[in-house]
Amino acid sequence: APAARYLRLRAASAIAFHVSAVCGAAHFAKKDSKTPLYTILFAGLANCLGDRVLCPLAESGRLPGIPDAIGAAALATTAAQFLGLGFTLLALKQTKRLPRVWARRGTGTTSGAFLAFAGPVSQLLWCRIAIYAYVGRCASLLGAAAGAAQQIMSTLFWGSTTLSAEPFNTAGQTFLPDHYDPETPDVITPRFRLTLQRLLDSSLLWGLAITLGTWPLKSEKALSAFTTSKDVMNLVAIGPILAVGAIIAPMLTAEGTLVVLGEFQWLVRSMVFSSFVTYGLVTWLRNAGRASIANYWWATVTFTACRLVCNMVGVRTHVRRARVKNFAEYRREKREAELRLRTCPPWFDKKQWVAKHKVPATGRSYPMDIEYERIP
């Protein structure tokens with residue numbers, strides 16, 4: 001009953017959570033990372049104060065409808081999320097990013113574009129939830145100690161790798177659109193390639209930093225913060241966490257790049273392929289008698305590695321396809337210019353026309369100084 005009450009109270013904050021995420025994306029789109037940070041700090045402080053005030057009231061029976069401290073903690077978290085939502089909406093209003101006329105908030109075109117985006121994203125979420133749920137179920141079948149070790153490794157995975165590398169996905173979707181026009185998807189500008197190169201380099205360095213920072217967690221002293229059971233500590237394997245930490249940041253960077261490029265179907269294919277590979281690997285481990293927490297998490301490493309490879313192939317495929325189309329347009333423009341010069345009348349000033357309409361090697365409307373370079 002306390003757990004069900006906690007879930008019901010926490011479910012009430014789903015609207016605040018998702019609307020706050022949308023508001024945070026609006027701030028990130030304007031390269032404003034301070035306001036989301038202040039929102040999290042404000043909501044966290046409100047949550048702490050709410051716990052200190054509401055939990056004693058609930059334990060003494062002076063909080064109507066909340067009989068225990070668990071429900072009071074859920075109520076404090078829910079209230080803190082709504083306060084955080086109010087804070088970020090106020091920030092949007094002060095920065096004039098909040099729509100003034102809600103009756104004109106969208107058209108059919110924007111709704112269609114949103115649905116075209118939301119469909120593949122929902123498929124990505126379902127595939128991710130399904131594969132992690134399957135791995136967790138297989139781990140729970142190994143016993144209580146294995147289930148506890150699975151929870152510890154999940155905490156380490158989401159805390160030390162995914163959450164710390166997620167900003168690279170956000171950075172890619174924030175900075176790359178400045179150098180990419182969705183109306184002309186076949187044009188890859190030099191600034192786009194340079195920005196992507198810097199993001200990939202930074203993600204590789206950050207992956208190395210995550211690996212080095214996670215390394216001390218293998219000690220018994222560090223694991224004692226999660227459990228006091230020696231059996232559970234022996235089942236926890238830090239190797240897969242270190243491996244995921246090294247590749248999660250580049251994978252999320254490539255994923256954010258594909259979102260900017262509009263390659264949503266490629267993202268879905270990447271997720272489906274990686275999910276099937278991981279599902280087959282975990283199933284083989286169960287049937288071959290090699291089921292263990294460490295092996296299951298190495299299968300999770302395979303899941304992330306497959307997504308990294310597929311996402312990088314998707315980025316390279318898009319850039320290569322754009323390079324071929326740009327080269328064709330460049331040759332067509334050049335042939336048209338040469339034909340016009342050969343068929344011009346005698347009185348026509350060729351030098352002046354060439355100086356005015358010359359098709360440069362880099363391309364004026366189809367920049368190609370980067371399309372002939374190899375993207376990593």
# chains A, B, ... in the order shown; residues from 1 in each chain; ligands from 1

call {"tool": "residues_around", "arguments": {"residues": "stretch 142-153 of chain A", "least_positions_apart": "4", "cutoff": "9 Å", "atoms": "only C-alpha atoms", "output": "ChimeraX atom specification"}}
result
/A:136-138,157-158,223,226-227,229,231-238,241,291-293,297

call {"tool": "select_by_dssp", "arguments": {"residues": "stretch 167-341 of chain A", "states": "helix (DSSP H, G or I)", "output": "PyMOL selection string"}}
result
chain A and resi 167-179+190-218+220-223+230-235+239-261+264-287+293-341

call {"tool": "atom_distance", "arguments": {"atom1": "atom CA of A:Phe17", "atom2": "atom CA of A:Ala79"}}
result
11.1 Å

call {"tool": "closest_residue", "arguments": {"among": "A:Gly71, A:Gly245, A:Gly256, A:Pro240", "to": "A:Ala294", "atoms": "only C-alpha atoms"}}
result
A:Pro240

call {"tool": "residues_around", "arguments": {"residues": "A:Arg269", "least_positions_apart": "5", "cutoff": "10 Å", "atoms": "only C-alpha atoms", "output": "ChimeraX atom specification"}}
result
/A:120,123-124,264,274-275,307,310-311,314

call {"tool": "write_last_selection", "arguments": {"atoms": "N, CA and C atoms", "output": "JSON list (two decimals), in the first residue's frame"}}
result
[["chain", "number", "residue", "atom", "x", "y", "z"],
["A", 120, "PRO", "N", 8.86, 8.28, -34.53],
["A", 120, "PRO", "CA", 10.12, 7.55, -34.35],
["A", 120, "PRO", "C", 10.68, 7.63, -32.93],
["A", 123, "GLN", "N", 9.05, 5.10, -30.82],
["A", 123, "GLN", "CA", 9.57, 3.76, -31.12],
["A", 123, "GLN", "C", 10.93, 3.54, -30.46],
["A", 124, "LEU", "N", 11.76, 4.59, -30.45],
["A", 124, "LEU", "CA", 13.06, 4.48, -29.78],
["A", 124, "LEU", "C", 12.88, 4.20, -28.29],
["A", 264, "PHE", "N", 15.32, 10.33, -38.80],
["A", 264, "PHE", "CA", 14.63, 9.63, -37.72],
["A", 264, "PHE", "C", 14.49, 8.14, -38.01],
["A", 274, "SER", "N", 20.07, -2.93, -32.91],
["A", 274, "SER", "CA", 20.81, -3.13, -31.66],
["A", 274, "SER", "C", 19.99, -3.93, -30.66],
["A", 275, "SER", "N", 18.67, -3.69, -30.62],
["A", 275, "SER", "CA", 17.81, -4.42, -29.68],
["A", 275, "SER", "C", 17.77, -5.90, -30.03],
["A", 307, "ARG", "N", 24.63, 0.63, -31.33],
["A", 307, "ARG", "CA", 24.01, 1.93, -31.60],
["A", 307, "ARG", "C", 25.05, 2.95, -32.03],
["A", 310, "CYS", "N", 25.99, 2.11, -35.73],
["A", 310, "CYS", "CA", 24.89, 2.43, -36.65],
["A", 310, "CYS", "C", 24.69, 3.94, -36.77],
["A", 311, "ASN", "N", 24.78, 4.65, -35.66],
["A", 311, "ASN", "CA", 24.59, 6.10, -35.71],
["A", 311, "ASN", "C", 25.70, 6.79, -36.50],
["A", 314, "GLY", "N", 25.10, 6.20, -40.07],
["A", 314, "GLY", "CA", 24.03, 7.07, -40.55],
["A", 314, "GLY", "C", 24.50, 8.49, -40.83]]

call {"tool": "closest_residue", "arguments": {"among": "A:Phe192, A:Thr88, A:Arg62, A:Pro67", "to": "A:Ala16", "atoms": "only C-alpha atoms"}}
result
A:Thr88

call {"tool": "closest_residue", "arguments": {"among": "A:Leu156, A:Leu49, A:Ile70, A:Val315", "to": "A:Ile188", "atoms": "only C-alpha atoms"}}
result
A:Val315

call {"tool": "closest_residue", "arguments": {"among": "A:Trp206, A:Trp298, A:Trp215, A:Phe273", "to": "A:Thr253", "atoms": "only C-alpha atoms"}}
result
A:Trp206
